[in-house]
$ cat start.cif   # mmCIF, C-alpha atoms
data_run
loop_
_atom_site.label_atom_id
_atom_site.label_comp_id
_atom_site.auth_asym_id
_atom_site.auth_seq_id
_atom_site.Cartn_x
_atom_site.Cartn_y
_atom_site.Cartn_z
CA MET A 63 50.38 10.46 99.08
CA PHE A 64 51.81 7.34 97.44
CA MET A 65 53.22 6.10 100.74
CA ARG A 66 49.90 6.65 102.54
CA SER A 67 48.03 4.67 99.82
CA PHE A 68 50.63 1.90 99.93
CA LEU A 69 50.30 1.59 103.72
CA SER A 70 46.49 1.49 103.49
CA ILE A 71 46.58 -1.28 100.87
CA SER A 72 49.19 -3.20 102.91
CA THR A 73 46.98 -2.96 105.99
CA ILE A 74 44.00 -4.36 104.05
CA PHE A 75 46.06 -7.34 102.80
CA LEU A 76 47.35 -8.06 106.29
CA ALA A 77 43.83 -7.90 107.75
CA VAL A 78 42.48 -10.25 105.07
CA GLY A 79 45.40 -12.64 105.54
CA CYS A 80 44.68 -12.93 109.26
CA SER A 81 40.94 -13.43 108.99
CA GLY A 82 40.85 -17.26 108.99
CA PRO A 83 39.35 -19.44 111.71
CA GLU A 84 42.70 -19.43 113.54
CA SER A 85 42.33 -15.73 114.32
CA GLU A 86 38.68 -15.85 115.43
CA PRO A 87 37.72 -15.76 119.12
CA PRO A 88 36.99 -19.41 120.08
CA VAL A 89 33.36 -20.48 120.30
CA ASP A 90 31.73 -23.74 121.36
CA LEU A 91 29.28 -25.56 119.16
CA GLN A 92 25.68 -25.11 120.35
CA PRO A 93 23.89 -28.30 121.32
CA GLY A 94 20.98 -29.24 119.08
CA ARG A 95 19.90 -30.97 115.89
CA TYR A 96 22.34 -30.74 112.97
CA GLU A 97 21.94 -31.56 109.32
CA VAL A 98 25.23 -33.22 108.38
CA THR A 99 26.38 -33.68 104.79
CA MET A 100 29.09 -36.19 103.98
CA SER A 101 31.00 -36.19 100.72
CA ALA A 102 32.98 -38.87 98.83
CA GLY A 103 34.99 -41.23 100.96
CA ALA A 104 32.85 -40.59 104.03
CA ALA A 105 31.11 -43.93 103.43
CA ALA A 106 34.08 -45.47 105.22
CA PHE A 107 32.52 -44.19 108.46
CA GLY A 108 29.80 -46.81 108.14
CA PRO A 109 26.06 -46.98 107.53
CA GLY A 110 23.57 -44.54 108.90
CA THR A 111 23.71 -41.72 106.43
CA GLY A 112 20.51 -40.70 104.75
CA LYS A 113 19.82 -40.04 101.11
CA ASN A 114 22.56 -38.15 99.24
CA GLY A 115 25.00 -38.51 102.13
CA GLN A 116 22.90 -36.44 104.49
CA SER A 117 21.74 -37.25 107.97
CA SER A 118 20.21 -35.48 110.91
CA ILE A 119 21.97 -35.95 114.23
CA CYS A 120 21.45 -34.66 117.73
CA ILE A 121 24.56 -33.23 119.39
CA MET A 122 24.14 -33.15 123.15
CA SER A 123 25.67 -30.40 125.33
CA ASP A 124 28.67 -32.50 126.47
CA GLN A 125 29.42 -33.49 122.85
CA ALA A 126 29.04 -29.89 121.68
CA LYS A 127 31.45 -28.61 124.32
CA ASP A 128 34.10 -31.20 123.38
CA PHE A 129 33.43 -31.15 119.63
CA ALA A 130 36.78 -29.61 118.60
CA SER A 131 38.68 -32.27 120.58
CA ASN A 132 36.58 -35.22 119.32
CA PRO A 133 34.94 -34.24 116.03
CA LEU A 134 34.95 -37.72 114.47
CA PRO A 135 33.65 -40.22 117.02
CA LEU A 136 33.90 -43.64 115.40
CA LYS A 137 31.65 -46.49 116.35
CA ASP A 138 33.52 -49.38 117.94
CA VAL A 139 34.55 -50.83 114.58
CA PHE A 140 38.17 -50.88 115.67
CA PRO A 141 39.14 -51.78 119.23
CA ALA A 142 42.37 -49.78 119.31
CA CYS A 143 42.42 -46.17 118.18
CA LYS A 144 45.02 -43.55 119.00
CA THR A 145 44.09 -39.92 118.50
CA LYS A 146 46.49 -37.01 118.37
CA MET A 147 44.92 -33.56 118.35
CA ALA A 148 46.81 -30.39 117.51
CA ASP A 149 46.25 -27.45 119.83
CA ARG A 150 43.09 -25.58 118.91
CA LYS A 151 43.77 -22.15 117.47
CA GLY A 152 40.77 -19.84 117.51
CA ASN A 153 38.06 -21.87 115.78
CA ALA A 154 40.45 -24.08 113.80
CA PHE A 155 41.21 -27.63 114.90
CA SER A 156 43.03 -30.61 113.40
CA GLY A 157 44.06 -34.09 114.31
CA THR A 158 45.02 -37.62 113.34
CA ARG A 159 43.43 -40.89 114.40
CA GLU A 160 44.96 -44.30 113.74
CA CYS A 161 42.83 -47.40 114.27
CA SER A 162 43.84 -51.05 113.97
CA ALA A 163 41.75 -54.18 113.60
CA ALA A 164 41.94 -56.68 116.46
CA PRO A 165 44.79 -59.20 115.91
CA GLU A 166 42.42 -62.12 116.62
CA SER A 167 40.25 -61.01 113.68
CA GLY A 168 42.95 -62.17 111.26
CA ILE A 169 42.61 -58.89 109.38
CA ALA A 170 45.76 -56.85 109.03
CA LEU A 171 44.21 -53.43 108.55
CA THR A 172 45.05 -50.03 109.93
CA LEU A 173 43.07 -46.88 109.11
CA THR A 174 44.58 -43.43 109.46
CA LEU A 175 42.32 -40.36 109.43
CA ASN A 176 43.79 -36.86 109.13
CA TRP A 177 41.54 -33.83 109.38
CA LYS A 178 41.34 -30.06 109.64
CA GLY A 179 38.21 -28.31 110.71
CA ARG A 180 36.47 -25.07 111.54
CA ILE A 181 33.85 -24.63 114.22
CA ARG A 182 31.14 -21.98 114.50
CA ALA A 183 28.46 -21.69 117.16
CA ASP A 184 25.88 -23.07 114.71
CA GLY A 185 27.94 -25.30 112.42
CA PHE A 186 31.20 -26.92 111.41
CA GLU A 187 33.27 -27.99 108.41
CA ILE A 188 35.79 -30.82 108.42
CA ASP A 189 38.08 -31.73 105.53
CA GLY A 190 40.11 -34.90 105.78
CA ASP A 191 41.78 -37.88 104.27
CA ILE A 192 41.44 -41.60 105.04
CA ASN A 193 44.38 -43.90 104.33
CA SER A 194 44.80 -47.56 105.14
CA THR A 195 47.33 -50.32 105.19
CA GLY A 196 46.21 -53.83 104.39
CA ALA A 197 43.73 -54.88 101.72
CA VAL A 198 42.97 -51.33 100.55
CA ASN A 199 45.65 -48.67 100.38
CA ARG A 200 43.54 -45.51 100.36
CA PHE A 201 39.91 -44.56 100.81
CA GLY A 202 40.38 -40.93 99.80
CA GLN A 203 39.31 -37.53 100.88
CA PHE A 204 36.16 -36.67 102.77
CA GLN A 205 34.28 -33.61 103.85
CA LEU A 206 31.70 -33.25 106.62
CA THR A 207 29.63 -30.13 107.08
CA GLY A 208 27.03 -29.56 109.74
CA LYS A 209 24.45 -26.83 110.20
CA ARG A 210 22.31 -26.43 113.32
CA THR A 211 18.61 -26.64 112.48
CA GLY A 212 17.02 -26.47 115.93
CA ASP A 213 16.72 -28.21 119.26
CA CYS A 214 16.76 -31.98 119.75
#
$ encode --input "start.cif" --output "structure tokens"
Amino acid sequence: MFMRSFLSISTIFLAVGCSGPESEPPVDLQPGRYEVTMSAGAAAFGPGTGKNGQSSICIMSDQAKDFASNPLPLKDVFPACKTKMADRKGNAFSGTRECSAAPESGIALTLTLNWKGRIRADGFEIDGDINSTGAVNRFGQFQLTGKRTGDC
């Protein structure tokens, strides 16, 4: 009896331990309108966010399909960016992007973004960190969450 109870409890712990986004069957983000919330540090991505760090964006079908491989498209603030994505596992994705200011600008600045994310058919979460070399040493952590609210 004890052994049977122990095995049942062990099975529950193993099942719970394997229930993260890495073990989920992969899904693609649905195209549509998303309410996106940005937390502290996300201001480094530039203007365009609404009140309280929220904005409404339209994610087109090609962007939705490739979302896990390009979740943080930056406007052309930096001319040279190198992105390294880890292999997607289930609905978990992660990556690093390093961007440098143009040498002719006279600004010696490099930004490095590291992130981990989770994708669902109707939303996403991204947690990351922004570091820099140059005038500012660190922007800090950021979080982006998006929830599909309808069609574009």
$ resolve_selection --input "start.cif" --expression "the PyMOL selection byres ((chain A and resi 172) around 8)" --output "ChimeraX atom specification"
/A:160-163,170-171,173-174,194-196
$ write_last_selection --input "start.cif" --atoms "C-alpha atoms" --output "CSV table (one decimal), in the coordinates of the input"
chain,number,residue,atom,x,y,z
A,160,GLU,CA,45.0,-44.3,113.7
A,161,CYS,CA,42.8,-47.4,114.3
A,162,SER,CA,43.8,-51.0,114.0
A,163,ALA,CA,41.8,-54.2,113.6
A,170,ALA,CA,45.8,-56.8,109.0
A,171,LEU,CA,44.2,-53.4,108.6
A,173,LEU,CA,43.1,-46.9,109.1
A,174,THR,CA,44.6,-43.4,109.5
A,194,SER,CA,44.8,-47.6,105.1
A,195,THR,CA,47.3,-50.3,105.2
A,196,GLY,CA,46.2,-53.8,104.4
$ closest_residue --input "start.cif" --among "A:Gly208, A:Gly94, A:Gly157, A:Gly179" --to "Lys144 of chain A" --atoms "only C-alpha atoms"
A:Gly157
$ closest_residue --input "start.cif" --among "A:Pro133, A:Gly212, A:Gly82, A:Gly115" --to "Leu175 of chain A" --atoms "only C-alpha atoms"
A:Pro133
$ residues_near_point --input "start.cif" --point "(34.4, -23.2, 114.9)" --cutoff "8 Å" --atoms "all atoms listed in the file" --output "JSON, numbers by chain"
{"A": [83, 88, 89, 90, 91, 130, 152, 153, 154, 179, 180, 181, 182, 183, 185, 186]}
$ atom_distance --input "start.cif" --atom1 "atom CA of Gln116 of chain A" --atom2 "atom CA of Leu206 of chain A"
9.6 Å
$ atom_distance --input "start.cif" --atom1 "atom CA of Arg210 of chain A" --atom2 "atom CA of Arg95 of chain A"
5.7 Å
$ atom_distance --input "start.cif" --atom1 "atom CA of Ser117 of chain A" --atom2 "atom CA of Pro93 of chain A"
16.2 Å
$ resolve_selection --input "start.cif" --expression "the PyMOL selection byres ((chain A and resi 148) around 12)" --output "list in words"
Ala130, Ser131, Asn132, Thr145, Lys146, Met147, Asp149, Arg150, Lys151, Ala154, Phe155, Ser156, Gly157, Thr158, Arg159, Asn176, Trp177, Lys178 and Gly179 of chain A
$ residues_around --input "start.cif" --residues "Ser118 of chain A" --least-positions-apart "4" --cutoff "8 Å" --atoms "only C-alpha atoms" --output "PDB file with C-alpha atoms, in the coordinates of the input"
ATOM      1  CA  ARG A  95      19.900 -30.970 115.890  1.00  0.00           C
ATOM      2  CA  TYR A  96      22.340 -30.740 112.970  1.00  0.00           C
ATOM      3  CA  GLU A  97      21.940 -31.560 109.320  1.00  0.00           C
ATOM      4  CA  VAL A  98      25.230 -33.220 108.380  1.00  0.00           C
TER       5      VAL A  98
END
$ residues_around --input "start.cif" --residues "Ser101 of chain A" --least-positions-apart "4" --cutoff "10 Å" --atoms "all atoms listed in the file" --output "list in words"
Ala105, Asn114, Gly115, Gln116, Asp189, Gln203, Phe204, Gln205, Leu206 and Thr207 of chain A
$ write_last_selection --input "start.cif" --atoms "C-alpha atoms" --output "PDB file, in the coordinates of the input"
ATOM      1  CA  ALA A 105      31.110 -43.930 103.430  1.00  0.00           C
ATOM      2  CA  ASN A 114      22.560 -38.150  99.240  1.00  0.00           C
ATOM      3  CA  GLY A 115      25.000 -38.510 102.130  1.00  0.00           C
ATOM      4  CA  GLN A 116      22.900 -36.440 104.490  1.00  0.00           C
ATOM      5  CA  ASP A 189      38.080 -31.730 105.530  1.00  0.00           C
ATOM      6  CA  GLN A 203      39.310 -37.530 100.880  1.00  0.00           C
ATOM      7  CA  PHE A 204      36.160 -36.670 102.770  1.00  0.00           C
ATOM      8  CA  GLN A 205      34.280 -33.610 103.850  1.00  0.00           C
ATOM      9  CA  LEU A 206      31.700 -33.250 106.620  1.00  0.00           C
ATOM     10  CA  THR A 207      29.630 -30.130 107.080  1.00  0.00           C
TER      11      THR A 207
END
$ build_atoms --input "start.cif" --residues "segment 166-190 of chain A" --atoms "N, CA and C atoms" --output "mmCIF file, keeping the file's coordinate frame"
data_model
loop_
_atom_site.group_PDB
_atom_site.id
_atom_site.type_symbol
_atom_site.label_atom_id
_atom_site.label_comp_id
_atom_site.auth_asym_id
_atom_site.auth_seq_id
_atom_site.Cartn_x
_atom_site.Cartn_y
_atom_site.Cartn_z
ATOM 1 N N GLU A 166 43.151 -60.836 116.689
ATOM 2 C CA GLU A 166 42.420 -62.120 116.620
ATOM 3 C C GLU A 166 41.432 -62.169 115.449
ATOM 4 N N SER A 167 41.167 -61.018 114.818
ATOM 5 C CA SER A 167 40.250 -61.010 113.680
ATOM 6 C C SER A 167 40.906 -61.597 112.429
ATOM 7 N N GLY A 168 42.242 -61.676 112.432
ATOM 8 C CA GLY A 168 42.950 -62.170 111.260
ATOM 9 C C GLY A 168 43.030 -61.157 110.141
ATOM 10 N N ILE A 169 42.574 -59.943 110.387
ATOM 11 C CA ILE A 169 42.610 -58.890 109.380
ATOM 12 C C ILE A 169 43.737 -57.924 109.729
ATOM 13 N N ALA A 170 44.666 -57.798 108.824
ATOM 14 C CA ALA A 170 45.760 -56.850 109.030
ATOM 15 C C ALA A 170 45.368 -55.540 108.367
ATOM 16 N N LEU A 171 44.702 -54.688 109.121
ATOM 17 C CA LEU A 171 44.210 -53.430 108.550
ATOM 18 C C LEU A 171 44.380 -52.316 109.575
ATOM 19 N N THR A 172 44.918 -51.227 109.114
ATOM 20 C CA THR A 172 45.050 -50.030 109.930
ATOM 21 C C THR A 172 44.497 -48.858 109.124
ATOM 22 N N LEU A 173 43.603 -48.096 109.731
ATOM 23 C CA LEU A 173 43.070 -46.880 109.110
ATOM 24 C C LEU A 173 43.701 -45.666 109.767
ATOM 25 N N THR A 174 44.059 -44.691 108.942
ATOM 26 C CA THR A 174 44.580 -43.430 109.460
ATOM 27 C C THR A 174 43.715 -42.303 108.907
ATOM 28 N N LEU A 175 43.140 -41.512 109.795
ATOM 29 C CA LEU A 175 42.320 -40.360 109.430
ATOM 30 C C LEU A 175 43.086 -39.094 109.805
ATOM 31 N N ASN A 176 43.207 -38.179 108.876
ATOM 32 C CA ASN A 176 43.790 -36.860 109.130
ATOM 33 C C ASN A 176 42.724 -35.838 108.797
ATOM 34 N N TRP A 177 42.572 -34.828 109.641
ATOM 35 C CA TRP A 177 41.540 -33.830 109.380
ATOM 36 C C TRP A 177 41.926 -32.449 109.859
ATOM 37 N N LYS A 178 41.281 -31.466 109.226
ATOM 38 C CA LYS A 178 41.340 -30.060 109.640
ATOM 39 C C LYS A 178 39.908 -29.579 109.648
ATOM 40 N N GLY A 179 39.576 -28.764 110.630
ATOM 41 C CA GLY A 179 38.210 -28.310 110.710
ATOM 42 C C GLY A 179 38.073 -26.881 111.201
ATOM 43 N N ARG A 180 36.842 -26.409 111.076
ATOM 44 C CA ARG A 180 36.470 -25.070 111.540
ATOM 45 C C ARG A 180 35.137 -25.209 112.272
ATOM 46 N N ILE A 181 35.064 -24.577 113.421
ATOM 47 C CA ILE A 181 33.850 -24.630 114.220
ATOM 48 C C ILE A 181 33.241 -23.241 114.306
ATOM 49 N N ARG A 182 31.916 -23.200 114.259
ATOM 50 C CA ARG A 182 31.140 -21.980 114.500
ATOM 51 C C ARG A 182 30.114 -22.353 115.569
ATOM 52 N N ALA A 183 29.460 -21.388 116.136
ATOM 53 C CA ALA A 183 28.460 -21.690 117.160
ATOM 54 C C ALA A 183 27.325 -22.536 116.586
ATOM 55 N N ASP A 184 27.020 -22.363 115.300
ATOM 56 C CA ASP A 184 25.880 -23.070 114.710
ATOM 57 C C ASP A 184 26.276 -24.004 113.557
ATOM 58 N N GLY A 185 27.551 -24.398 113.491
ATOM 59 C CA GLY A 185 27.940 -25.300 112.420
ATOM 60 C C GLY A 185 29.420 -25.641 112.449
ATOM 61 N N PHE A 186 29.808 -26.497 111.512
ATOM 62 C CA PHE A 186 31.200 -26.920 111.410
ATOM 63 C C PHE A 186 31.494 -27.412 109.998
ATOM 64 N N GLU A 187 32.769 -27.398 109.647
ATOM 65 C CA GLU A 187 33.270 -27.990 108.410
ATOM 66 C C GLU A 187 34.499 -28.794 108.776
ATOM 67 N N ILE A 188 34.618 -29.977 108.212
ATOM 68 C CA ILE A 188 35.790 -30.820 108.420
ATOM 69 C C ILE A 188 36.225 -31.360 107.069
ATOM 70 N N ASP A 189 37.483 -31.167 106.731
ATOM 71 C CA ASP A 189 38.080 -31.730 105.530
ATOM 72 C C ASP A 189 39.135 -32.728 105.975
ATOM 73 N N GLY A 190 39.148 -33.898 105.354
ATOM 74 C CA GLY A 190 40.110 -34.900 105.780
ATOM 75 C C GLY A 190 40.463 -35.898 104.722
#
